[in-house]
Amino acid sequence: MAKLSIFAKRRQRVRTALRAKGSVRPRLSVHRSGRHIYAQVIDDAQGKTVASASTLEKDLRGTSGATCDAAAAVGKRVAESAKKAGVTKVVFDRGGFLFHGRVKALADAAREGGLEF
């Protein structure tokens, strides 16, 4: 059996904790790359993405996605989209990334935008 990286172990631990809660809430999933940041609100019961936002969108494309300001803009945008779709309560899935820097900025902005988690 292949040895898992630290990132993969952390991701596995986060997903296990989310499943253990047995939550019926949609999941706010975050992915962070070197240049961009992405966020999705996913309804796992139906297997559909309810809302999404990223620094690749036209409005946010001029700014670099590798900053906390850009992450905060994505957090606000995904919160607005989720509220339009009727979602106010979510479970935060940081997906193996540490809750620090850009991931924290996105989460704080999503909370300010009206999402509860």
# chains A, B, ... in the order shown; residues from 1 in each chain; ligands from 1
call {"tool": "select_by_dssp", "arguments": {"residues": "chain A", "states": "alpha helix (DSSP H)", "output": "NGL selection string"}}
result
:A and (6-21 or 68-84 or 102-112)
call {"tool": "closest_atom_pairs", "arguments": {"of": "region 22-55 of chain A", "to": "region 80-94 of chain A", "cutoff": "6 Å", "atoms": "only C-alpha atoms", "output": "CSV"}}
result
residue,atom,partner,partner_atom,distance
A:Arg25,CA,A:Val90,CA,5.3
A:Pro26,CA,A:Val90,CA,5.0
A:Arg27,CA,A:Val91,CA,4.8
A:Leu28,CA,A:Phe92,CA,4.9
A:Ser29,CA,A:Asp93,CA,4.7
A:Val30,CA,A:Arg94,CA,5.4
A:Ala51,CA,A:Ala82,CA,5.3
call {"tool": "closest_atom_pairs", "arguments": {"of": "region 43-83 of chain A", "to": "region 8-24 of chain A", "cutoff": "10 Å", "atoms": "only C-alpha atoms", "output": "Markdown table"}}
result
| residue | atom | partner | partner_atom | distance |
| --- | --- | --- | --- | --- |
| A:Asp43 | CA | A:Val24 | CA | 8.6 |
| A:Asp44 | CA | A:Val24 | CA | 8.4 |
| A:Ala45 | CA | A:Val24 | CA | 7.6 |
call {"tool": "closest_residue", "arguments": {"among": "A:Ala70, A:Leu115, A:Ala2, A:Ala109", "to": "Ser54 (chain A)", "atoms": "only C-alpha atoms"}}
result
A:Ala70
call {"tool": "residues_around", "arguments": {"residues": "Asp108 (chain A)", "least_positions_apart": "6", "cutoff": "9 Å", "atoms": "only C-alpha atoms", "output": "JSON, numbers by chain"}}
result
{"A": [72, 75, 76]}
call {"tool": "write_last_selection", "arguments": {"atoms": "N, CA and C atoms", "output": "PDB file, in the first residue's frame"}}
result
ATOM      1  N   ALA A  72     -10.966  36.743  -0.174  1.00  0.00           N
ATOM      2  CA  ALA A  72     -12.124  37.352   0.486  1.00  0.00           C
ATOM      3  C   ALA A  72     -13.199  37.700  -0.541  1.00  0.00           C
ATOM      4  N   GLY A  75     -14.976  34.555  -1.376  1.00  0.00           N
ATOM      5  CA  GLY A  75     -15.852  34.172  -0.271  1.00  0.00           C
ATOM      6  C   GLY A  75     -17.167  34.939  -0.291  1.00  0.00           C
ATOM      7  N   LYS A  76     -17.085  36.240  -0.539  1.00  0.00           N
ATOM      8  CA  LYS A  76     -18.305  37.052  -0.628  1.00  0.00           C
ATOM      9  C   LYS A  76     -19.156  36.625  -1.811  1.00  0.00           C
TER      10      LYS A  76
END
call {"tool": "residues_around", "arguments": {"residues": "Ala71 (chain A)", "least_positions_apart": "5", "cutoff": "8 Å", "atoms": "only C-alpha atoms", "output": "PyMOL selection string"}}
result
chain A and resi 37+55+65-66+102-103+105-106
call {"tool": "closest_residue", "arguments": {"among": "A:Arg32, A:Phe97, A:Gln40, A:Ser52", "to": "Thr67 (chain A)", "atoms": "only C-alpha atoms"}}
result
A:Arg32
call {"tool": "atom_distance", "arguments": {"atom1": "CA of Arg111 (chain A)", "atom2": "CA of Cys68 (chain A)"}}
result
15.1 Å
call {"tool": "select_by_dssp", "arguments": {"residues": "region 4-96 of chain A", "states": "strand (DSSP E or B)", "output": "JSON, numbers by chain"}}
result
{"A": [27, 28, 29, 30, 31, 32, 37, 38, 39, 40, 41, 42, 43, 48, 49, 50, 51, 52, 53, 54, 89, 91, 92, 93]}
call {"tool": "atom_distance", "arguments": {"atom1": "CA of Gly113 (chain A)", "atom2": "CA of Ser33 (chain A)"}}
result
23.1 Å
call {"tool": "atom_distance", "arguments": {"atom1": "CA of Glu116 (chain A)", "atom2": "CA of Val50 (chain A)"}}
result
15.6 Å
call {"tool": "closest_residue", "arguments": {"among": "A:Ala110, A:Val74, A:Ile6, A:Gly62", "to": "Tyr38 (chain A)", "atoms": "only C-alpha atoms"}}
result
A:Val74
call {"tool": "closest_residue", "arguments": {"among": "A:Arg61, A:Arg77, A:His36, A:His31", "to": "Gly96 (chain A)", "atoms": "only C-alpha atoms"}}
result
A:His31
